[in-house]
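A.B. asks: Following this line is my_file-v7.cif, made up of mmCIF, C-alpha atoms and all ligand atoms:
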data_target
loop_
_atom_site.label_atom_id
_atom_site.label_comp_id
_atom_site.auth_asym_id
_atom_site.auth_seq_id
_atom_site.Cartn_x
_atom_site.Cartn_y
_atom_site.Cartn_z
CA MET A 1 0.00 0.00 0.00
CA LYS A 2 0.94 3.67 -0.22
CA ALA A 3 1.87 5.44 3.02
CA ILE A 4 3.68 8.56 4.10
CA VAL A 5 6.97 7.56 5.70
CA ILE A 6 9.10 9.88 7.86
CA ARG A 7 12.70 8.61 8.19
CA GLU A 8 14.12 11.62 10.09
CA PHE A 9 12.56 14.45 12.11
CA GLY A 10 12.64 17.80 10.33
CA ASP A 11 11.00 20.12 7.81
CA PRO A 12 7.76 19.18 6.01
CA GLU A 13 9.79 17.70 3.10
CA VAL A 14 10.85 14.74 5.28
CA MET A 15 7.38 13.30 4.51
CA ARG A 16 7.57 11.02 1.46
CA VAL A 17 5.00 8.68 -0.03
CA GLU A 18 6.42 5.12 -0.20
CA GLU A 19 5.17 1.62 -0.99
CA VAL A 20 5.06 -0.41 2.23
CA PRO A 21 3.67 -3.87 3.11
CA ASN A 22 -0.07 -4.03 3.86
CA PRO A 23 -0.73 -4.25 7.61
CA VAL A 24 -3.09 -6.91 9.00
CA ALA A 25 -5.49 -6.77 11.93
CA GLY A 26 -4.37 -8.99 14.81
CA PRO A 27 -6.76 -10.44 17.39
CA GLY A 28 -8.91 -7.69 18.89
CA GLN A 29 -7.87 -5.16 16.23
CA VAL A 30 -9.62 -3.44 13.31
CA LEU A 31 -8.20 -2.82 9.83
CA VAL A 32 -9.56 0.37 8.24
CA ARG A 33 -9.28 1.38 4.57
CA VAL A 34 -8.50 5.09 4.89
CA ARG A 35 -10.20 7.57 2.56
CA SER A 36 -9.33 10.88 4.21
CA VAL A 37 -6.89 12.01 6.94
CA GLY A 38 -7.13 15.08 9.18
CA VAL A 39 -4.04 17.28 9.55
CA ASN A 40 -3.59 18.69 13.06
CA PRO A 41 -0.96 21.15 14.34
CA VAL A 42 0.33 18.38 16.65
CA ASP A 43 1.31 16.33 13.56
CA THR A 44 3.77 19.11 12.67
CA TYR A 45 5.22 19.29 16.20
CA ILE A 46 5.81 15.50 16.15
CA ARG A 47 7.30 15.62 12.62
CA LYS A 48 9.81 18.26 13.76
CA GLY A 49 10.79 16.09 16.75
CA ALA A 50 9.69 18.97 18.99
CA TYR A 51 6.89 17.15 20.82
CA ALA A 52 7.00 15.42 24.21
CA ARG A 53 6.02 12.12 22.56
CA LYS A 54 8.49 11.07 19.87
CA PRO A 55 7.66 8.04 17.70
CA LYS A 56 10.39 5.56 16.80
CA LEU A 57 11.79 6.27 13.30
CA PRO A 58 10.78 5.54 10.60
CA TYR A 59 7.09 6.20 11.21
CA THR A 60 3.86 7.03 9.38
CA PRO A 61 2.11 10.12 10.83
CA GLY A 62 -1.59 10.81 11.36
CA ALA A 63 -4.18 10.02 14.03
CA ASP A 64 -7.52 11.31 12.70
CA ALA A 65 -9.02 9.70 9.62
CA ALA A 66 -12.19 8.31 8.08
CA GLY A 67 -12.84 5.35 5.84
CA VAL A 68 -14.37 1.90 5.76
CA VAL A 69 -13.76 -1.16 7.94
CA GLN A 70 -11.76 -3.59 5.78
CA ALA A 71 -11.42 -6.48 8.25
CA VAL A 72 -11.79 -7.20 11.94
CA GLY A 73 -9.55 -9.42 14.06
CA GLN A 74 -10.72 -12.28 16.21
CA GLY A 75 -12.97 -11.18 19.07
CA VAL A 76 -14.18 -7.86 17.57
CA ALA A 77 -17.96 -8.23 17.62
CA HIS A 78 -19.42 -4.73 17.27
CA LEU A 79 -17.72 -3.73 14.00
CA ALA A 80 -17.93 -5.40 10.59
CA PRO A 81 -16.29 -5.02 7.16
CA GLY A 82 -17.97 -2.37 5.00
CA GLN A 83 -19.01 -0.06 7.84
CA ARG A 84 -18.21 3.65 7.42
CA VAL A 85 -16.12 4.91 10.35
CA TYR A 86 -13.97 7.73 11.65
CA ILE A 87 -10.89 6.86 13.68
CA THR A 88 -9.14 8.64 16.55
CA GLY A 89 -5.75 6.98 16.38
CA THR A 90 -4.03 3.73 15.50
CA VAL A 91 -2.67 0.87 17.62
CA ALA A 92 0.10 2.11 19.94
CA GLY A 93 3.50 1.55 18.34
CA ALA A 94 1.96 0.85 14.92
CA ASP A 95 1.99 3.22 11.96
CA GLY A 96 -0.35 6.21 11.69
CA ALA A 97 -3.30 6.97 9.45
CA CYS A 98 -1.53 8.70 6.50
CA ALA A 99 -1.75 5.46 4.54
CA GLU A 100 -4.21 3.39 2.54
CA LEU A 101 -4.74 1.02 5.49
CA ALA A 102 -4.53 1.58 9.25
CA VAL A 103 -4.76 -0.84 12.19
CA CYS A 104 -6.78 0.44 15.15
CA GLU A 105 -8.02 -0.60 18.58
CA PRO A 106 -11.82 -0.98 18.58
CA ALA A 107 -12.11 1.98 20.99
CA GLN A 108 -10.46 4.17 18.32
CA VAL A 109 -13.09 3.29 15.70
CA HIS A 110 -16.46 5.14 15.66
CA ARG A 111 -19.42 4.81 13.30
CA LEU A 112 -19.72 7.60 10.71
CA PRO A 113 -23.31 8.50 9.73
CA ASP A 114 -24.10 8.35 5.99
CA SER A 115 -24.81 12.10 6.05
CA ILE A 116 -21.17 12.87 6.93
CA SER A 117 -18.55 12.59 4.16
CA PHE A 118 -15.18 10.90 4.68
CA GLU A 119 -13.50 14.32 4.44
CA GLN A 120 -15.74 15.61 7.23
CA GLY A 121 -15.15 12.41 9.22
CA ALA A 122 -11.40 13.06 9.09
CA ALA A 123 -12.08 16.44 10.74
CA VAL A 124 -13.73 14.96 13.84
CA GLY A 125 -11.19 13.22 16.13
CA VAL A 126 -8.77 15.72 17.69
CA PRO A 127 -10.71 18.95 16.91
CA TYR A 128 -14.15 17.85 18.14
CA GLY A 129 -12.70 15.73 20.95
CA THR A 130 -10.66 18.70 22.16
CA ALA A 131 -13.54 21.15 21.86
CA TYR A 132 -15.93 18.83 23.72
CA ARG A 133 -13.41 18.17 26.48
CA ALA A 134 -12.62 21.88 26.83
CA ILE A 135 -16.25 23.04 27.00
CA PHE A 136 -17.92 20.30 29.02
CA GLN A 137 -15.23 18.39 30.94
CA ARG A 138 -12.74 21.18 31.76
CA ALA A 139 -14.75 24.46 31.67
CA GLU A 140 -17.96 22.78 32.90
CA ALA A 141 -19.78 25.39 30.80
CA ARG A 142 -23.55 25.73 31.27
CA PRO A 143 -26.34 26.69 28.85
CA GLY A 144 -26.80 30.47 28.83
CA GLU A 145 -23.15 31.20 29.62
CA ILE A 146 -21.03 33.39 27.34
CA VAL A 147 -18.22 31.43 25.66
CA LEU A 148 -15.42 33.24 23.82
CA VAL A 149 -13.69 30.99 21.30
CA HIS A 150 -10.35 32.78 20.97
CA GLY A 151 -9.28 31.34 17.60
CA GLY A 152 -12.61 30.19 16.19
CA SER A 153 -11.70 29.83 12.51
CA GLY A 154 -9.58 26.66 12.77
CA GLY A 155 -10.36 23.01 13.42
CA VAL A 156 -10.88 23.14 17.20
CA GLY A 157 -12.59 26.55 17.05
CA THR A 158 -15.11 25.45 14.42
CA ALA A 159 -16.02 22.42 16.53
CA ALA A 160 -16.23 24.53 19.68
CA ILE A 161 -18.64 27.05 18.14
CA GLN A 162 -20.95 24.25 16.95
CA LEU A 163 -20.86 22.38 20.27
CA ALA A 164 -21.37 25.46 22.45
CA ARG A 165 -24.21 26.74 20.28
CA ALA A 166 -25.95 23.39 20.32
CA ALA A 167 -25.80 23.41 24.13
CA GLY A 168 -27.45 26.84 24.38
CA MET A 169 -24.38 28.95 25.10
CA ILE A 170 -23.83 32.43 23.68
CA VAL A 171 -20.78 32.24 21.45
CA LEU A 172 -18.32 35.03 20.68
CA ALA A 173 -15.39 34.07 18.47
CA THR A 174 -12.28 35.47 16.79
CA ALA A 175 -10.47 35.00 13.47
CA GLY A 176 -7.58 36.76 11.76
CA THR A 177 -9.01 37.34 8.27
CA ASP A 178 -12.25 38.49 6.65
CA ARG A 179 -12.76 34.99 5.30
CA GLY A 180 -12.28 33.62 8.82
CA LEU A 181 -14.84 36.12 10.16
CA ARG A 182 -17.37 35.00 7.55
CA HIS A 183 -16.70 31.43 8.66
CA LEU A 184 -17.47 32.34 12.30
CA ALA A 185 -20.79 33.84 11.26
CA ALA A 186 -21.66 30.80 9.14
CA MET A 187 -20.93 28.56 12.17
CA GLY A 188 -23.40 30.58 14.22
CA ALA A 189 -21.21 32.78 16.42
CA ALA A 190 -23.29 35.67 17.79
CA HIS A 191 -20.36 38.08 17.28
CA GLY A 192 -17.05 37.77 15.42
CA PHE A 193 -13.88 39.78 16.13
CA ASN A 194 -10.60 40.09 14.22
CA HIS A 195 -7.72 39.12 16.54
CA SER A 196 -5.22 40.90 14.30
CA THR A 197 -6.74 44.35 15.02
CA ALA A 198 -5.51 46.56 17.88
CA ASP A 199 -8.70 47.16 19.84
CA TYR A 200 -10.69 43.96 19.33
CA THR A 201 -10.64 43.08 23.03
CA ASP A 202 -12.47 46.36 23.78
CA ARG A 203 -15.11 45.31 21.23
CA ILE A 204 -15.45 41.93 22.98
CA LEU A 205 -16.06 43.61 26.34
CA GLU A 206 -18.61 45.96 24.73
CA ALA A 207 -20.44 42.97 23.24
CA THR A 208 -20.89 41.60 26.78
CA ASP A 209 -21.96 45.03 28.16
CA GLY A 210 -18.71 45.11 30.12
CA ARG A 211 -19.52 41.90 31.99
CA GLY A 212 -16.98 39.65 30.23
CA ALA A 213 -17.10 36.02 29.14
CA ASP A 214 -17.81 33.12 31.49
CA VAL A 215 -15.53 30.82 29.53
CA ILE A 216 -12.63 31.55 27.16
CA LEU A 217 -11.33 28.73 24.97
CA GLU A 218 -7.78 29.87 24.20
CA MET A 219 -5.92 28.65 21.09
CA LEU A 220 -2.80 30.83 21.54
CA ALA A 221 -2.27 31.39 25.25
CA ASN A 222 1.30 32.71 24.96
CA VAL A 223 -0.13 35.73 23.11
CA ASN A 224 -3.52 36.15 24.77
CA LEU A 225 -3.61 34.78 28.32
CA ASN A 226 -2.97 38.07 30.13
CA ARG A 227 -5.63 39.89 28.07
CA ASP A 228 -8.01 36.95 28.55
CA LEU A 229 -7.99 37.52 32.32
CA GLY A 230 -9.29 41.04 31.70
CA LEU A 231 -12.05 39.68 29.45
CA LEU A 232 -13.43 37.25 32.04
CA ALA A 233 -16.63 37.64 34.03
CA LYS A 234 -16.61 36.85 37.77
CA LYS A 235 -15.88 33.13 38.32
CA GLY A 236 -14.81 32.89 34.69
CA ARG A 237 -12.61 30.09 33.37
CA VAL A 238 -9.89 30.27 30.72
CA ILE A 239 -9.16 26.90 29.15
CA VAL A 240 -5.65 26.77 27.69
CA ILE A 241 -5.95 24.61 24.57
CA GLY A 242 -3.09 25.98 22.43
CA ASN A 243 0.19 27.55 23.56
CA ARG A 244 3.41 28.19 21.63
CA GLY A 245 5.69 30.01 24.08
CA THR A 246 5.73 31.80 27.44
CA ILE A 247 3.81 34.81 28.74
CA GLU A 248 3.76 37.09 31.79
CA ILE A 249 0.36 37.54 33.41
CA ASP A 250 -1.07 39.90 36.02
CA ALA A 251 -2.39 37.38 38.55
CA ARG A 252 -4.39 40.14 40.26
CA GLN A 253 -6.82 39.96 37.34
CA ALA A 254 -7.57 36.34 38.25
CA MET A 255 -7.73 37.17 41.95
CA ALA A 256 -10.24 39.99 41.45
CA ARG A 257 -12.64 37.69 39.59
CA ASP A 258 -12.24 34.38 41.44
CA ALA A 259 -11.13 33.23 38.00
CA ASP A 260 -9.59 29.92 37.00
CA ILE A 261 -6.92 29.16 34.40
CA ARG A 262 -7.32 25.52 33.47
CA GLY A 263 -5.05 23.65 31.07
CA MET A 264 -6.03 20.68 28.97
CA THR A 265 -4.38 18.06 26.82
CA LEU A 266 -6.46 15.51 24.98
CA PHE A 267 -3.88 12.84 25.89
CA ASN A 268 -4.94 13.19 29.55
CA THR A 269 -8.52 12.10 28.76
CA SER A 270 -9.42 8.84 30.51
CA PRO A 271 -10.98 5.97 28.51
CA ALA A 272 -14.34 6.61 30.26
CA GLU A 273 -14.22 10.34 29.41
CA MET A 274 -13.25 9.48 25.82
CA ALA A 275 -16.21 7.14 25.53
CA GLU A 276 -18.48 9.95 26.79
CA ILE A 277 -16.98 12.35 24.23
CA HIS A 278 -17.56 10.06 21.27
CA ALA A 279 -21.04 9.06 22.39
CA ALA A 280 -21.94 12.77 22.36
CA LEU A 281 -20.14 13.49 19.08
CA GLY A 282 -21.74 10.47 17.39
CA ALA A 283 -25.19 11.73 18.39
CA GLY A 284 -24.43 15.26 17.18
CA LEU A 285 -23.09 14.02 13.83
CA ALA A 286 -26.13 11.78 13.34
CA ASN A 287 -28.75 14.41 14.21
CA GLY A 288 -27.09 17.15 12.12
CA THR A 289 -26.10 19.44 15.00
CA LEU A 290 -22.41 18.88 14.25
CA LYS A 291 -21.23 19.51 10.70
CA PRO A 292 -17.43 19.37 10.32
CA VAL A 293 -16.18 21.96 7.83
CA VAL A 294 -13.31 21.14 5.48
CA GLY A 295 -11.49 24.35 4.54
CA ARG A 296 -8.82 22.79 2.28
CA GLU A 297 -8.12 19.38 0.86
CA PHE A 298 -4.74 18.11 -0.39
CA ALA A 299 -3.55 14.87 -2.02
CA LEU A 300 -1.46 12.48 0.11
CA GLU A 301 1.55 13.50 -2.02
CA GLU A 302 0.98 17.13 -0.94
CA ALA A 303 1.30 16.39 2.79
CA ALA A 304 4.26 18.78 3.10
CA LEU A 305 2.14 21.65 1.77
CA ALA A 306 -0.69 20.68 4.13
CA HIS A 307 1.73 20.86 7.10
CA VAL A 308 2.88 24.34 6.04
CA THR A 309 -0.73 25.46 5.57
CA VAL A 310 -1.98 24.24 8.95
CA MET A 311 0.67 26.39 10.66
CA SER A 312 -0.11 29.50 8.56
CA PRO A 313 -2.68 32.21 9.37
CA GLY A 314 -6.01 32.33 7.54
CA ALA A 315 -7.80 29.23 8.82
CA HIS A 316 -11.40 28.60 7.69
CA GLY A 317 -12.17 25.08 8.82
CA LYS A 318 -10.13 21.92 8.71
CA ILE A 319 -7.28 20.73 6.47
CA VAL A 320 -7.52 17.13 5.23
CA LEU A 321 -5.54 14.79 2.97
CA LYS A 322 -7.33 12.65 0.40
CA VAL A 323 -5.99 9.11 0.26
P1 LIG A 401 -5.82 25.41 13.33
O1 LIG A 401 -6.92 24.72 12.61
O2 LIG A 401 -4.50 25.63 12.65
O3 LIG A 401 -6.37 26.84 13.84
C1 LIG A 401 -5.55 27.75 14.53
C2 LIG A 401 -6.44 28.84 15.08
O4 LIG A 401 -5.68 29.74 15.86
C3 LIG A 401 -7.11 29.66 13.97
O5 LIG A 401 -8.45 29.90 14.31
C4 LIG A 401 -6.29 30.92 13.98
O6 LIG A 401 -7.00 32.02 13.45
C5 LIG A 401 -6.10 31.06 15.47
N1 LIG A 401 -5.16 32.12 15.83
C6 LIG A 401 -4.10 32.59 15.14
N2 LIG A 401 -3.59 33.68 15.78
C7 LIG A 401 -4.35 33.88 16.88
C8 LIG A 401 -4.35 34.84 17.92
N3 LIG A 401 -3.45 35.82 17.98
N4 LIG A 401 -5.30 34.75 18.88
C9 LIG A 401 -6.24 33.78 18.85
N5 LIG A 401 -6.29 32.83 17.90
C10 LIG A 401 -5.35 32.89 16.93
O7 LIG A 401 -5.45 24.64 14.68
P2 LIG A 401 -6.44 23.81 15.67
O8 LIG A 401 -6.40 22.40 15.28
O9 LIG A 401 -7.73 24.54 15.75
O10 LIG A 401 -5.62 23.96 17.04
C11 LIG A 401 -5.54 25.23 17.70
C12 LIG A 401 -4.41 25.18 18.75
O11 LIG A 401 -4.78 24.24 19.76
C13 LIG A 401 -3.06 24.70 18.20
O12 LIG A 401 -2.03 25.38 18.87
C14 LIG A 401 -3.02 23.23 18.57
O13 LIG A 401 -1.70 22.73 18.70
C15 LIG A 401 -3.77 23.25 19.89
N6 LIG A 401 -4.44 21.98 20.24
C16 LIG A 401 -4.30 21.53 21.49
C17 LIG A 401 -4.95 20.39 21.89
C18 LIG A 401 -4.84 19.94 23.31
O14 LIG A 401 -5.10 18.76 23.60
N7 LIG A 401 -4.49 20.82 24.24
C19 LIG A 401 -5.72 19.66 20.97
C20 LIG A 401 -5.86 20.18 19.68
C21 LIG A 401 -5.22 21.36 19.32
P3 LIG A 401 -6.62 32.68 12.01
O15 LIG A 401 -5.95 31.63 11.16
O16 LIG A 401 -7.97 33.08 11.48
O17 LIG A 401 -5.74 33.84 12.34
#
Could I get this file's structure written as structure tokens?
C.D. replies:
Amino acid sequence: MKAIVIREFGDPEVMRVEEVPNPVAGPGQVLVRVRSVGVNPVDTYIRKGAYARKPKLPYTPGADAAGVVQAVGQGVAHLAPGQRVYITGTVAGADGACAELAVCEPAQVHRLPDSISFEQGAAVGVPYGTAYRAIFQRAEARPGEIVLVHGGSGGVGTAAIQLARAAGMIVLATAGTDRGLRHLAAMGAAHGFNHSTADYTDRILEATDGRGADVILEMLANVNLNRDLGLLAKKGRVIVIGNRGTIEIDARQAMARDADIRGMTLFNTSPAEMAEIHAALGAGLANGTLKPVVGREFALEEAALAHVTVMSPGAHGKIVLKV
């Protein structure tokens, strides 16, 4: 089969498409024919060798994908060949999803409703899982609360706007381009703000009549965390989802509001919490509340370009690779 193989950590060009032996599903495993793969920022950190978890070289990248069950190993009863699925990873130590076939644990394989395309299915795993965990499990956000999605135009932000809206929260969101702002409106954000303008945080406070947001989902904490504290309502919570450096904060701002700064990493999610997340996401995908948005699609051979694009400004949905 064709797969992307990385033989050394480095620039996007280290990703090459090679012919490799077809994998097989062992007992208790599921073999998935991959149709589309989601590209997440974390894939680029791992490729550079800059991430806490380093795979053994050579490796095939990719965790999120969608496709069709090709075969199931002995003892897998609830999945069958031919079923449409999205996946949230591959067997530990095995190759990733940027390939024609991927071997998964059953818990990593979730049914994909017929109404959701493979490209959309590839946009579910990390972005929707992260957004759900941030809103419900970390922020403990309630219907009626004001949620600011600070970085709403990308994969996680798009998912967060849809999830928060569906749960009856009032969503404010930011993007860095006009196209991104149009995307926020299309997703249903009540107000959109351009985070590349000087005074947008004043506009956010105005939109809440000076009260501030109950919850801020932060995609770039090293730039925004100090300002976020000033945008919080009393007992507000900032959830640090993305961070690419260090920042100095005025802790008095948190003190004055009884505010919380809560971090999150999807890797810390327990199996029970993960099952809850995908039960909720499966329901939302099936009933049409959740509609993943694919902003750009690349061929497997263009993976290097996809990695450059995911780290560039101007997001409007999710980047996927067609297999
Ligand atoms: P993405 O699709 O590349 O989107 C990045 C988002 O960040 C875009 O909405 C972008 O807006 C926005 N952004 C850029 N500059 C910003 C600024 N100054 N202030 C606020 N937002 C800004 O990436 P993603 O998949 O949504 O992931 C977002 C971040 O969360 C990444 O850093 C990623 O590594 C991290 N993440 C963490 C976890 C976790 O478990 N903690 C899980 C998933 C992702 P424009 O392009 O419109 O400027």
A.B. asks: In the coordinate frame of the file, compute which residues have an atom within 8 Å of (-12.8, 41.4, 24.7) when using only C-alpha atoms, and state them as a VMD selection string.
C.D. replies: chain A and resid 200 to 207 212 228 230 to 231
A.B. asks: Return as a Markdown table the residues of chain A lying at most 6 Å from ligand LIG 401 (chain A), together with the closest atom-to-atom pair for each and the distance in Å to one decimal, counting only C-alpha atoms and all ligand atoms, with rows in chain order and ascending residue number.
C.D. replies:
| residue | atom | partner | partner_atom | distance |
| --- | --- | --- | --- | --- |
| A:Asn40 | CA | A:LIG401 | O8 | 5.2 |
| A:Pro41 | CA | A:LIG401 | O13 | 4.7 |
| A:Val42 | CA | A:LIG401 | O13 | 5.2 |
| A:Val126 | CA | A:LIG401 | C20 | 5.7 |
| A:Pro127 | CA | A:LIG401 | C20 | 5.7 |
| A:Thr130 | CA | A:LIG401 | C19 | 5.2 |
| A:His150 | CA | A:LIG401 | C9 | 4.7 |
| A:Gly151 | CA | A:LIG401 | N5 | 3.4 |
| A:Gly152 | CA | A:LIG401 | O5 | 4.6 |
| A:Ser153 | CA | A:LIG401 | O5 | 3.7 |
| A:Gly154 | CA | A:LIG401 | O1 | 3.3 |
| A:Gly155 | CA | A:LIG401 | O9 | 3.8 |
| A:Val156 | CA | A:LIG401 | O9 | 3.7 |
| A:Gly157 | CA | A:LIG401 | O9 | 5.4 |
| A:Ala175 | CA | A:LIG401 | O16 | 3.7 |
| A:Gly176 | CA | A:LIG401 | O17 | 3.5 |
| A:Thr177 | CA | A:LIG401 | O16 | 5.4 |
| A:Gly180 | CA | A:LIG401 | O16 | 5.1 |
| A:His195 | CA | A:LIG401 | N4 | 5.5 |
| A:Met219 | CA | A:LIG401 | C12 | 4.4 |
| A:Leu220 | CA | A:LIG401 | C9 | 5.3 |
| A:Ile241 | CA | A:LIG401 | N7 | 4.1 |
| A:Gly242 | CA | A:LIG401 | O11 | 3.6 |
| A:Asn243 | CA | A:LIG401 | O12 | 5.6 |
| A:Met264 | CA | A:LIG401 | N7 | 5.0 |
| A:Thr265 | CA | A:LIG401 | O14 | 3.4 |
| A:Leu266 | CA | A:LIG401 | O14 | 3.8 |
| A:Val310 | CA | A:LIG401 | O2 | 4.7 |
| A:Met311 | CA | A:LIG401 | O2 | 5.6 |
| A:Pro313 | CA | A:LIG401 | O15 | 3.8 |
| A:Gly314 | CA | A:LIG401 | O15 | 3.7 |
| A:Ala315 | CA | A:LIG401 | O15 | 3.8 |
| A:Lys318 | CA | A:LIG401 | O1 | 5.8 |
A.B. asks: Using all atoms listed in the file, which of the listed residues (A:Glu18, A:Glu13, A:Glu8, A:Asp250) sits closest to A:Lys54?
C.D. replies: A:Glu8
A.B. asks: Produce a table with one row for each residue of stretch 68-152 of chain A that has an atom at most 7 Å from any atom of stretch 278-301 of chain A, each row naming the nearest atom pair and its distance in Å at one decimal; use all atoms listed in the file; arrange rows by chain and rising residue number; format as a Markdown table.
C.D. replies:
| residue | atom | partner | partner_atom | distance |
| --- | --- | --- | --- | --- |
| A:Pro113 | CA | A:Ala286 | CA | 5.6 |
| A:Glu119 | CA | A:Val294 | CA | 6.9 |
| A:Gln120 | CA | A:Pro292 | CA | 5.2 |
| A:Ala123 | CA | A:Pro292 | CA | 6.1 |
| A:Val124 | CA | A:Pro292 | CA | 6.7 |
A.B. asks: Name all residues at most 12 Å from stretch 48-51 of chain A (count only C-alpha atoms; drop same-chain ones fewer than 5 positions away) and give them as JSON, numbers by chain.
C.D. replies: {"A": [6, 7, 8, 9, 10, 11, 12, 13, 14, 15, 41, 42, 43, 56, 57, 59, 61, 244, 307]}
A.B. asks: Quick one, how far is atom CA of A:Asn268 from atom CA of A:Ala306?
C.D. replies: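 Computing the Euclidean distance for atom CA of A:Asn268 and atom CA of A:Ala306 yields 26.8 Å.
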A.B. asks: Find, counting all atoms listed in the file, the residue in A:Val238, A:Ala198, A:Ile277, A:Leu321 that gets nearest to A:Gly121.
C.D. replies: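 Smallest separation from A:Gly121 among the options: A:Leu321.
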A.B. asks: Find the residue from A:Val5, A:Gly317, A:Pro27, A:Met274 that sits nearest to A:Arg179; use only C-alpha atoms when measuring.
C.D. replies: A:Gly317
A.B. asks: Enter the distance from atom CA of A:Asn224 to atom CA of A:Ala256, in Å, rounded to one decimal.
C.D. replies: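 Computing it gives 18.4 Å between the two atoms.
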A.B. asks: Ranking A:Ala77, A:Val85, A:Leu148, A:Ala66 by minimum distance to A:Val34 and counting all atoms listed in the file, which one comes first?
C.D. replies: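 Ranking A:Ala77, A:Val85, A:Leu148, A:Ala66 by distance to A:Val34, first place goes to A:Ala66.
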